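Raw final.cif, mmCIF, C-alpha atoms and all ligand atoms; chains and numbers go by the auth columns:
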data_start
#
loop_
_atom_site.group_PDB
_atom_site.id
_atom_site.type_symbol
_atom_site.label_atom_id
_atom_site.label_comp_id
_atom_site.label_asym_id
_atom_site.label_seq_id
_atom_site.Cartn_x
_atom_site.Cartn_y
_atom_site.Cartn_z
_atom_site.B_iso_or_equiv
_atom_site.auth_seq_id
_atom_site.auth_asym_id
ATOM 1 C CA MET A 1 0.000 0.000 0.000 0.00 1 Z
ATOM 2 C CA LYS A 2 1.302 3.433 -0.835 0.00 2 Z
ATOM 3 C CA ILE A 3 0.441 7.107 -0.831 0.00 3 Z
ATOM 4 C CA ILE A 4 1.565 9.049 -3.884 0.00 4 Z
ATOM 5 C CA PHE A 5 1.575 12.821 -3.658 0.00 5 Z
ATOM 6 C CA ALA A 6 0.535 13.857 -7.164 0.00 6 Z
ATOM 7 C CA GLY A 7 -0.020 17.537 -6.363 0.00 7 Z
ATOM 8 C CA THR A 8 1.265 19.239 -3.225 0.00 8 Z
ATOM 9 C CA GLY A 9 0.780 22.947 -3.906 0.00 9 Z
ATOM 10 C CA SER A 10 -1.720 25.370 -2.454 0.00 10 Z
ATOM 11 C CA GLY A 11 -4.347 27.271 -4.428 0.00 11 Z
ATOM 12 C CA LYS A 12 -1.604 29.429 -5.924 0.00 12 Z
ATOM 13 C CA ALA A 13 -0.230 28.430 -9.320 0.00 13 Z
ATOM 14 C CA SER A 14 3.337 27.181 -9.051 0.00 14 Z
ATOM 15 C CA LEU A 15 5.990 25.967 -11.480 0.00 15 Z
ATOM 16 C CA THR A 16 7.041 23.192 -9.097 0.00 16 Z
ATOM 17 C CA ARG A 17 3.816 22.075 -7.423 0.00 17 Z
ATOM 18 C CA GLU A 18 0.452 21.109 -8.887 0.00 18 Z
ATOM 19 C CA ASN A 19 -2.757 21.633 -6.907 0.00 19 Z
ATOM 20 C CA SER A 20 -3.970 19.116 -4.307 0.00 20 Z
ATOM 21 C CA SER A 21 -4.173 15.471 -5.402 0.00 21 Z
ATOM 22 C CA LEU A 22 -3.208 12.303 -3.537 0.00 22 Z
ATOM 23 C CA LEU A 23 -3.312 8.662 -4.537 0.00 23 Z
ATOM 24 C CA LEU A 24 -3.865 5.873 -2.042 0.00 24 Z
ATOM 25 C CA GLY A 25 -3.675 2.215 -3.022 0.00 25 Z
ATOM 26 C CA ASP A 26 -1.443 -0.383 -4.565 0.00 26 Z
ATOM 27 C CA ASP A 27 -0.230 -0.539 -8.148 0.00 27 Z
ATOM 28 C CA LYS A 28 -3.414 -2.265 -9.320 0.00 28 Z
ATOM 29 C CA SER A 29 -5.913 0.307 -8.104 0.00 29 Z
ATOM 30 C CA PHE A 30 -5.914 3.699 -6.441 0.00 30 Z
ATOM 31 C CA ILE A 31 -8.331 6.083 -4.902 0.00 31 Z
ATOM 32 C CA LEU A 32 -7.692 9.660 -5.859 0.00 32 Z
ATOM 33 C CA ILE A 33 -8.180 12.084 -3.000 0.00 33 Z
ATOM 34 C CA ASP A 34 -8.898 15.574 -4.282 0.00 34 Z
ATOM 35 C CA CYS A 35 -8.436 16.413 -7.896 0.00 35 Z
ATOM 36 C CA GLY A 36 -6.438 19.574 -8.546 0.00 36 Z
ATOM 37 C CA GLU A 37 -6.004 21.128 -11.934 0.00 37 Z
ATOM 38 C CA GLY A 38 -2.884 19.265 -13.085 0.00 38 Z
ATOM 39 C CA ILE A 39 -3.984 15.737 -12.223 0.00 39 Z
ATOM 40 C CA SER A 40 -4.299 14.256 -15.733 0.00 40 Z
ATOM 41 C CA LYS A 41 -0.774 15.307 -16.646 0.00 41 Z
ATOM 42 C CA GLN A 42 0.532 14.201 -13.249 0.00 42 Z
ATOM 43 C CA LEU A 43 -0.910 10.715 -13.766 0.00 43 Z
ATOM 44 C CA LEU A 44 0.856 10.492 -17.121 0.00 44 Z
ATOM 45 C CA GLN A 45 4.078 11.615 -15.489 0.00 45 Z
ATOM 46 C CA LEU A 46 3.648 9.051 -12.708 0.00 46 Z
ATOM 47 C CA ASP A 47 2.923 6.372 -15.334 0.00 47 Z
ATOM 48 C CA ILE A 48 -0.416 5.527 -13.710 0.00 48 Z
ATOM 49 C CA PRO A 49 -3.051 4.651 -16.339 0.00 49 Z
ATOM 50 C CA PHE A 50 -6.308 6.587 -15.924 0.00 50 Z
ATOM 51 C CA ASP A 51 -8.275 3.369 -15.458 0.00 51 Z
ATOM 52 C CA ARG A 52 -6.304 2.503 -12.327 0.00 52 Z
ATOM 53 C CA ILE A 53 -8.340 5.170 -10.516 0.00 53 Z
ATOM 54 C CA GLY A 54 -11.319 3.331 -9.055 0.00 54 Z
ATOM 55 C CA ALA A 55 -12.735 6.164 -6.975 0.00 55 Z
ATOM 56 C CA VAL A 56 -12.307 9.893 -6.495 0.00 56 Z
ATOM 57 C CA VAL A 57 -12.963 11.495 -3.107 0.00 57 Z
ATOM 58 C CA ILE A 58 -13.378 15.288 -2.990 0.00 58 Z
ATOM 59 C CA SER A 59 -12.956 17.229 0.268 0.00 59 Z
ATOM 60 C CA HIS A 60 -14.540 20.483 -0.913 0.00 60 Z
ATOM 61 C CA PHE A 61 -15.307 22.378 -4.069 0.00 61 Z
ATOM 62 C CA HIS A 62 -12.504 24.950 -4.143 0.00 62 Z
ATOM 63 C CA ALA A 63 -10.919 24.975 -7.592 0.00 63 Z
ATOM 64 C CA ASP A 64 -7.540 23.723 -6.367 0.00 64 Z
ATOM 65 C CA HIS A 65 -9.238 20.535 -5.102 0.00 65 Z
ATOM 66 C CA LEU A 66 -11.811 19.975 -7.854 0.00 66 Z
ATOM 67 C CA ALA A 67 -10.850 21.718 -11.089 0.00 67 Z
ATOM 68 C CA GLY A 68 -8.997 18.690 -12.480 0.00 68 Z
ATOM 69 C CA LEU A 69 -12.044 16.425 -12.368 0.00 69 Z
ATOM 70 C CA PRO A 70 -13.832 17.354 -15.635 0.00 70 Z
ATOM 71 C CA GLY A 71 -10.532 16.983 -17.511 0.00 71 Z
ATOM 72 C CA LEU A 72 -9.743 13.667 -15.833 0.00 72 Z
ATOM 73 C CA ILE A 73 -13.152 12.188 -16.682 0.00 73 Z
ATOM 74 C CA THR A 74 -12.682 13.410 -20.251 0.00 74 Z
ATOM 75 C CA GLN A 75 -9.330 11.594 -20.419 0.00 75 Z
ATOM 76 C CA MET A 76 -10.953 8.425 -19.092 0.00 76 Z
ATOM 77 C CA LYS A 77 -13.476 8.657 -21.910 0.00 77 Z
ATOM 78 C CA LEU A 78 -10.811 9.328 -24.555 0.00 78 Z
ATOM 79 C CA TYR A 79 -8.702 6.421 -23.293 0.00 79 Z
ATOM 80 C CA GLY A 80 -11.711 4.078 -23.512 0.00 80 Z
ATOM 81 C CA ARG A 81 -12.333 3.326 -19.853 0.00 81 Z
ATOM 82 C CA LYS A 82 -14.835 0.528 -19.244 0.00 82 Z
ATOM 83 C CA ASP A 83 -14.848 0.135 -15.464 0.00 83 Z
ATOM 84 C CA ASP A 84 -17.226 1.999 -13.165 0.00 84 Z
ATOM 85 C CA LEU A 85 -15.928 5.203 -11.609 0.00 85 Z
ATOM 86 C CA GLN A 86 -17.133 6.097 -8.133 0.00 86 Z
ATOM 87 C CA LEU A 87 -17.110 9.778 -7.173 0.00 87 Z
ATOM 88 C CA PHE A 88 -17.573 10.821 -3.547 0.00 88 Z
ATOM 89 C CA VAL A 89 -18.464 14.373 -2.499 0.00 89 Z
ATOM 90 C CA PRO A 90 -19.863 15.784 0.734 0.00 90 Z
ATOM 91 C CA ALA A 91 -23.587 14.915 0.914 0.00 91 Z
ATOM 92 C CA ASN A 92 -25.862 17.559 -0.670 0.00 92 Z
ATOM 93 C CA LEU A 93 -23.249 18.380 -3.303 0.00 93 Z
ATOM 94 C CA GLU A 94 -24.015 15.437 -5.611 0.00 94 Z
ATOM 95 C CA ASN A 95 -26.337 17.457 -7.823 0.00 95 Z
ATOM 96 C CA THR A 96 -23.986 20.446 -7.864 0.00 96 Z
ATOM 97 C CA LEU A 97 -21.212 18.180 -9.166 0.00 97 Z
ATOM 98 C CA ASN A 98 -23.509 16.746 -11.806 0.00 98 Z
ATOM 99 C CA VAL A 99 -24.349 20.284 -13.007 0.00 99 Z
ATOM 100 C CA ILE A 100 -20.638 21.191 -13.075 0.00 100 Z
ATOM 101 C CA LEU A 101 -19.836 18.092 -15.149 0.00 101 Z
ATOM 102 C CA ASN A 102 -22.767 18.724 -17.479 0.00 102 Z
ATOM 103 C CA SER A 103 -21.482 22.248 -18.087 0.00 103 Z
ATOM 104 C CA PHE A 104 -18.260 20.633 -19.362 0.00 104 Z
ATOM 105 C CA PHE A 105 -20.429 18.498 -21.659 0.00 105 Z
ATOM 106 C CA ILE A 106 -19.878 15.438 -19.504 0.00 106 Z
ATOM 107 C CA PHE A 107 -23.123 13.489 -19.250 0.00 107 Z
ATOM 108 C CA LYS A 108 -23.348 10.102 -17.566 0.00 108 Z
ATOM 109 C CA GLU A 109 -25.315 8.781 -20.530 0.00 109 Z
ATOM 110 C CA GLY A 110 -22.533 9.701 -22.959 0.00 110 Z
ATOM 111 C CA LEU A 111 -19.707 7.900 -21.183 0.00 111 Z
ATOM 112 C CA PRO A 112 -18.475 4.403 -22.057 0.00 112 Z
ATOM 113 C CA PHE A 113 -18.277 3.617 -18.337 0.00 113 Z
ATOM 114 C CA LYS A 114 -20.651 4.018 -15.411 0.00 114 Z
ATOM 115 C CA LEU A 115 -20.142 7.234 -13.437 0.00 115 Z
ATOM 116 C CA ILE A 116 -21.599 7.032 -9.948 0.00 116 Z
ATOM 117 C CA ILE A 117 -21.813 10.170 -7.809 0.00 117 Z
ATOM 118 C CA ASN A 118 -22.113 9.404 -4.085 0.00 118 Z
ATOM 119 C CA GLY A 119 -22.790 11.784 -1.218 0.00 119 Z
ATOM 120 C CA ILE A 120 -20.628 11.294 1.881 0.00 120 Z
ATOM 121 C CA ASN A 121 -22.748 11.589 5.000 0.00 121 Z
ATOM 122 C CA GLU A 122 -20.820 13.131 7.832 0.00 122 Z
ATOM 123 C CA GLY A 123 -19.404 10.528 10.222 0.00 123 Z
ATOM 124 C CA GLU A 124 -20.503 7.548 8.117 0.00 124 Z
ATOM 125 C CA THR A 125 -17.940 4.887 7.196 0.00 125 Z
ATOM 126 C CA VAL A 126 -17.697 4.311 3.456 0.00 126 Z
ATOM 127 C CA SER A 127 -16.234 1.015 2.201 0.00 127 Z
ATOM 128 C CA LEU A 128 -14.341 0.901 -1.065 0.00 128 Z
ATOM 129 C CA ALA A 129 -13.043 -1.896 -3.261 0.00 129 Z
ATOM 130 C CA GLY A 130 -9.840 -3.499 -1.995 0.00 130 Z
ATOM 131 C CA GLY A 131 -10.884 -3.284 1.650 0.00 131 Z
ATOM 132 C CA MET A 132 -10.213 0.430 2.057 0.00 132 Z
ATOM 133 C CA GLN A 133 -12.563 2.529 4.125 0.00 133 Z
ATOM 134 C CA PHE A 134 -12.919 6.195 4.941 0.00 134 Z
ATOM 135 C CA ARG A 135 -14.957 8.556 7.052 0.00 135 Z
ATOM 136 C CA GLY A 136 -15.498 12.259 6.468 0.00 136 Z
ATOM 137 C CA VAL A 137 -16.114 14.858 9.144 0.00 137 Z
ATOM 138 C CA ARG A 138 -17.078 18.420 8.406 0.00 138 Z
ATOM 139 C CA ASN A 139 -14.423 21.017 9.203 0.00 139 Z
ATOM 140 C CA SER A 140 -14.601 24.805 9.443 0.00 140 Z
ATOM 141 C CA HIS A 141 -12.509 25.667 6.358 0.00 141 Z
ATOM 142 C CA ILE A 142 -15.142 27.329 4.205 0.00 142 Z
ATOM 143 C CA ASN A 143 -17.156 28.783 7.092 0.00 143 Z
ATOM 144 C CA ASN A 144 -14.156 30.518 8.554 0.00 144 Z
ATOM 145 C CA LYS A 145 -12.732 31.599 5.237 0.00 145 Z
ATOM 146 C CA TYR A 146 -15.938 33.157 3.946 0.00 146 Z
ATOM 147 C CA ASN A 147 -17.791 34.482 6.910 0.00 147 Z
ATOM 148 C CA VAL A 148 -20.336 36.210 4.689 0.00 148 Z
ATOM 149 C CA ASP A 149 -24.056 35.870 4.328 0.00 149 Z
ATOM 150 C CA TYR A 150 -24.163 35.442 0.537 0.00 150 Z
ATOM 151 C CA VAL A 151 -22.698 31.931 0.733 0.00 151 Z
ATOM 152 C CA PRO A 152 -25.403 29.358 1.484 0.00 152 Z
ATOM 153 C CA GLU A 153 -23.754 27.215 4.138 0.00 153 Z
ATOM 154 C CA GLU A 154 -25.382 23.946 3.127 0.00 154 Z
ATOM 155 C CA ASN A 155 -23.949 24.224 -0.380 0.00 155 Z
ATOM 156 C CA PHE A 156 -20.365 24.853 0.636 0.00 156 Z
ATOM 157 C CA LEU A 157 -19.201 22.016 2.822 0.00 157 Z
ATOM 158 C CA SER A 158 -15.641 21.049 3.597 0.00 158 Z
ATOM 159 C CA TYR A 159 -14.539 17.694 5.004 0.00 159 Z
ATOM 160 C CA SER A 160 -11.464 16.202 6.615 0.00 160 Z
ATOM 161 C CA PHE A 161 -10.992 12.431 6.230 0.00 161 Z
ATOM 162 C CA LEU A 162 -9.749 9.396 8.054 0.00 162 Z
ATOM 163 C CA PHE A 163 -8.792 6.612 5.624 0.00 163 Z
ATOM 164 C CA SER A 164 -8.129 3.018 6.655 0.00 164 Z
ATOM 165 C CA ALA A 165 -5.980 0.895 4.374 0.00 165 Z
ATOM 166 C CA GLY A 166 -4.730 -2.471 5.605 0.00 166 Z
ATOM 167 C CA ASP A 167 -3.965 -1.905 9.260 0.00 167 Z
ATOM 168 C CA LYS A 168 -3.041 1.765 8.784 0.00 168 Z
ATOM 169 C CA ASN A 169 -5.066 4.886 9.504 0.00 169 Z
ATOM 170 C CA ILE A 170 -4.365 7.988 7.480 0.00 170 Z
ATOM 171 C CA PHE A 171 -5.763 11.331 8.570 0.00 171 Z
ATOM 172 C CA TYR A 172 -6.006 13.792 5.692 0.00 172 Z
ATOM 173 C CA THR A 173 -6.852 17.241 6.998 0.00 173 Z
ATOM 174 C CA ALA A 174 -7.621 18.650 3.542 0.00 174 Z
ATOM 175 C CA ASP A 175 -8.048 22.429 3.961 0.00 175 Z
ATOM 176 C CA VAL A 176 -8.904 23.501 7.495 0.00 176 Z
ATOM 177 C CA GLY A 177 -10.402 26.599 9.062 0.00 177 Z
ATOM 178 C CA GLY A 178 -8.670 26.541 12.433 0.00 178 Z
ATOM 179 C CA SER A 179 -6.575 24.466 14.792 0.00 179 Z
ATOM 180 C CA SER A 180 -9.561 22.570 16.236 0.00 180 Z
ATOM 181 C CA ASP A 181 -9.960 20.940 12.797 0.00 181 Z
ATOM 182 C CA LEU A 182 -6.620 19.217 13.379 0.00 182 Z
ATOM 183 C CA LEU A 183 -8.170 17.186 16.199 0.00 183 Z
ATOM 184 C CA LEU A 184 -11.440 16.070 14.601 0.00 184 Z
ATOM 185 C CA PHE A 185 -10.890 12.312 14.885 0.00 185 Z
ATOM 186 C CA ASP A 186 -10.466 10.186 17.988 0.00 186 Z
ATOM 187 C CA GLU A 187 -8.720 7.162 16.488 0.00 187 Z
ATOM 188 C CA LYS A 188 -4.964 6.905 16.388 0.00 188 Z
ATOM 189 C CA ALA A 189 -3.522 7.876 13.006 0.00 189 Z
ATOM 190 C CA ASP A 190 -0.399 6.207 11.636 0.00 190 Z
ATOM 191 C CA PHE A 191 0.092 8.911 9.048 0.00 191 Z
ATOM 192 C CA ILE A 192 -1.190 12.458 8.938 0.00 192 Z
ATOM 193 C CA ILE A 193 -1.282 14.533 5.785 0.00 193 Z
ATOM 194 C CA ALA A 194 -1.650 18.104 6.959 0.00 194 Z
ATOM 195 C CA GLU A 195 -2.194 21.220 4.939 0.00 195 Z
ATOM 196 C CA THR A 196 0.112 24.121 5.768 0.00 196 Z
ATOM 197 C CA THR A 197 -1.598 27.106 4.170 0.00 197 Z
ATOM 198 C CA HIS A 198 -4.363 27.970 6.632 0.00 198 Z
ATOM 199 C CA ILE A 199 -2.767 27.054 9.938 0.00 199 Z
ATOM 200 C CA PRO A 200 0.250 28.155 12.015 0.00 200 Z
ATOM 201 C CA HIS A 201 2.819 25.346 11.828 0.00 201 Z
ATOM 202 C CA GLU A 202 3.270 25.065 15.598 0.00 202 Z
ATOM 203 C CA LYS A 203 -0.310 23.742 15.807 0.00 203 Z
ATOM 204 C CA PHE A 204 0.916 20.495 14.230 0.00 204 Z
ATOM 205 C CA LEU A 205 2.685 19.647 17.461 0.00 205 Z
ATOM 206 C CA GLN A 206 -0.650 18.999 19.166 0.00 206 Z
ATOM 207 C CA MET A 207 -1.377 16.345 16.513 0.00 207 Z
ATOM 208 C CA LEU A 208 1.779 14.493 17.507 0.00 208 Z
ATOM 209 C CA VAL A 209 0.505 14.272 21.058 0.00 209 Z
ATOM 210 C CA LYS A 210 -3.058 13.239 20.200 0.00 210 Z
ATOM 211 C CA TYR A 211 -2.489 10.794 17.313 0.00 211 Z
ATOM 212 C CA GLU A 212 1.027 9.459 17.952 0.00 212 Z
ATOM 213 C CA PRO A 213 1.652 9.154 14.199 0.00 213 Z
ATOM 214 C CA GLU A 214 4.678 7.636 12.498 0.00 214 Z
ATOM 215 C CA LYS A 215 4.849 10.708 10.288 0.00 215 Z
ATOM 216 C CA ILE A 216 3.139 14.006 9.628 0.00 216 Z
ATOM 217 C CA ILE A 217 3.516 14.878 5.968 0.00 217 Z
ATOM 218 C CA LEU A 218 3.240 18.587 5.325 0.00 218 Z
ATOM 219 C CA ASN A 219 1.235 19.276 2.206 0.00 219 Z
ATOM 220 C CA HIS A 220 -0.707 22.062 0.401 0.00 220 Z
ATOM 221 C CA ILE A 221 2.464 24.113 0.454 0.00 221 Z
ATOM 222 C CA ASP A 222 1.934 27.802 -0.053 0.00 222 Z
ATOM 223 C CA ASP A 223 5.327 29.053 1.091 0.00 223 Z
ATOM 224 C CA GLU A 224 8.031 26.418 1.162 0.00 224 Z
ATOM 225 C CA ASN A 225 10.572 28.626 2.952 0.00 225 Z
ATOM 226 C CA ARG A 226 8.186 29.209 5.846 0.00 226 Z
ATOM 227 C CA THR A 227 7.621 25.453 6.200 0.00 227 Z
ATOM 228 C CA VAL A 228 11.303 24.549 5.930 0.00 228 Z
ATOM 229 C CA ASN A 229 12.335 27.324 8.345 0.00 229 Z
ATOM 230 C CA TRP A 230 9.822 26.092 10.880 0.00 230 Z
ATOM 231 C CA LEU A 231 11.046 22.508 10.529 0.00 231 Z
ATOM 232 C CA ASN A 232 14.633 23.663 11.005 0.00 232 Z
ATOM 233 C CA SER A 233 13.635 25.425 14.204 0.00 233 Z
ATOM 234 C CA LEU A 234 12.579 22.105 15.768 0.00 234 Z
ATOM 235 C CA ASP A 235 14.938 19.958 17.731 0.00 235 Z
ATOM 236 C CA LYS A 236 15.994 16.647 16.185 0.00 236 Z
ATOM 237 C CA LYS A 237 13.583 14.540 18.238 0.00 237 Z
ATOM 238 C CA LEU A 238 10.551 16.405 16.884 0.00 238 Z
ATOM 239 C CA LYS A 239 11.869 17.050 13.408 0.00 239 Z
ATOM 240 C CA LYS A 240 12.037 13.356 12.567 0.00 240 Z
ATOM 241 C CA TYR A 241 8.236 13.127 12.668 0.00 241 Z
ATOM 242 C CA PHE A 242 7.771 15.578 9.796 0.00 242 Z
ATOM 243 C CA THR A 243 8.307 15.371 6.053 0.00 243 Z
ATOM 244 C CA VAL A 244 7.661 18.101 3.498 0.00 244 Z
ATOM 245 C CA ALA A 245 5.753 16.582 0.573 0.00 245 Z
ATOM 246 C CA PHE A 246 6.765 17.191 -3.035 0.00 246 Z
ATOM 247 C CA ASP A 247 5.046 16.337 -6.294 0.00 247 Z
ATOM 248 C CA GLY A 248 5.688 12.697 -7.185 0.00 248 Z
ATOM 249 C CA MET A 249 6.704 11.697 -3.651 0.00 249 Z
ATOM 250 C CA THR A 250 5.745 8.117 -2.773 0.00 250 Z
ATOM 251 C CA LEU A 251 5.296 6.898 0.754 0.00 251 Z
ATOM 252 C CA GLU A 252 5.116 3.148 1.379 0.00 252 Z
ATOM 253 C CA ILE A 253 2.809 2.483 4.300 0.00 253 Z
HETATM 254 ZN ZN ZN B . -9.949 25.268 0.146 0.00 301 T
#
Entire entry expressed as structure tokens:
Amino acid sequence: MKIIFAGTGSGKASLTRENSSLLLGDDKSFILIDCGEGISKQLLQLDIPFDRIGAVVISHFHADHLAGLPGLITQMKLYGRKDDLQLFVPANLENTLNVILNSFFIFKEGLPFKLIINGINEGETVSLAGGMQFRGVRNSHINNKYNVDYVPEENFLSYSFLFSAGDKNIFYTADVGGSSDLLLFDEKADFIIAETTHIPHEKFLQMLVKYEPEKIILNHIDDENRTVNWLNSLDKKLKKYFTVAFDGMTLEI
């Protein structure tokens, strides 16, 4: 089982980092977690055929987490995919996603494979092929970022996830709205993938205490110098728990 960091950048365009996309699985089949703009090209670069993606899980509908999806589905069509594709989005956003895809002229009826859009109910365990499971919990990312009354709250949800693969738990923060979002799950996590754009880095230390992970992988990098400088300020004992992700990085778990 492995985690491949396909895109590790923030919402800002970067020459060295694509937007958020992670792969979790073995070489036969992966789930794609978030789907940033550069994902189709990243999969080509990683030599992962498009039909190895069995499911796509989206944390929230910001462009840097979703904008690659219409293009990816289009590639799957062009490359003649036959297998079903499962899409998972926070519950209540299924129809919104369908409208987005339709606006890119992607209609379920016109695809050579079955496209299934699933809503993720908060707190519910979802089982995937290959024995993987995940659970999504709502975080405060969008609420705190856009504290305005013109955004209908029920249409703009943001989730963090706990994935279980084999005997490992992986906590993916996705984008968060505050430090309490870093503590949303009660289970131990073997690996934590934490975004670094919306949170002071020192808050990650509380995750070490609560989850006792093997590693915290710092992701969604907005300012690499800030992240590296913070890591260098830690003493050796703490520093060994952290890794700065880069595009194409593979972690065997
Ligand atoms: Zn976001």
Near-ligand residues for ligand ZN 301 (chain T), threshold 7 Å, all atoms listed in the file, as an NGL selection string: :Z and (60 or 62 or 141-142 or 175)
Result set, the PyMOL selection byres (((chain Z and resi 72) around 10) and not hetatm) on current file, as a list in words: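 Matching residues under the PyMOL selection byres (((chain Z and resi 72) around 10) and not hetatm) are Cys35, Gly36, Glu37, Gly38, Ile39, Ser40, Lys41, Leu43, Phe50, Ala67, Gly68, Leu69, Pro70, Gly71, Ile73, Thr74, Gln75, Met76, Lys77 and Leu78 of chain Z.
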Let's have the selection written as an mmCIF file, in the frame of the given file, with C-alpha atoms.
data_model
loop_
_atom_site.group_PDB
_atom_site.id
_atom_site.type_symbol
_atom_site.label_atom_id
_atom_site.label_comp_id
_atom_site.auth_asym_id
_atom_site.auth_seq_id
_atom_site.Cartn_x
_atom_site.Cartn_y
_atom_site.Cartn_z
ATOM 1 C CA CYS Z 35 -8.436 16.413 -7.896
ATOM 2 C CA GLY Z 36 -6.438 19.574 -8.546
ATOM 3 C CA GLU Z 37 -6.004 21.128 -11.934
ATOM 4 C CA GLY Z 38 -2.884 19.265 -13.085
ATOM 5 C CA ILE Z 39 -3.984 15.737 -12.223
ATOM 6 C CA SER Z 40 -4.299 14.256 -15.733
ATOM 7 C CA LYS Z 41 -0.774 15.307 -16.646
ATOM 8 C CA LEU Z 43 -0.910 10.715 -13.766
ATOM 9 C CA PHE Z 50 -6.308 6.587 -15.924
ATOM 10 C CA ALA Z 67 -10.850 21.718 -11.089
ATOM 11 C CA GLY Z 68 -8.997 18.690 -12.480
ATOM 12 C CA LEU Z 69 -12.044 16.425 -12.368
ATOM 13 C CA PRO Z 70 -13.832 17.354 -15.635
ATOM 14 C CA GLY Z 71 -10.532 16.983 -17.511
ATOM 15 C CA ILE Z 73 -13.152 12.188 -16.682
ATOM 16 C CA THR Z 74 -12.682 13.410 -20.251
ATOM 17 C CA GLN Z 75 -9.330 11.594 -20.419
ATOM 18 C CA MET Z 76 -10.953 8.425 -19.092
ATOM 19 C CA LYS Z 77 -13.476 8.657 -21.910
ATOM 20 C CA LEU Z 78 -10.811 9.328 -24.555
#
Residue with smallest distance to Ser59 (chain Z) - pool Z:Val137, Z:Leu218, Z:Ala13, Z:Val126, counting only C-alpha atoms: Z:Val137
CA of Ala245 (chain Z) to CA of Pro49 (chain Z), straight-line distance in Å: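 Computing it gives 22.5 Å between the two atoms.
When only C-alpha atoms are used to measure the gap to Ser164 (chain Z), the shortest distance among Z:Leu182, Z:Ser20, Z:Met1, Z:Lys203 belongs to Z:Met1.
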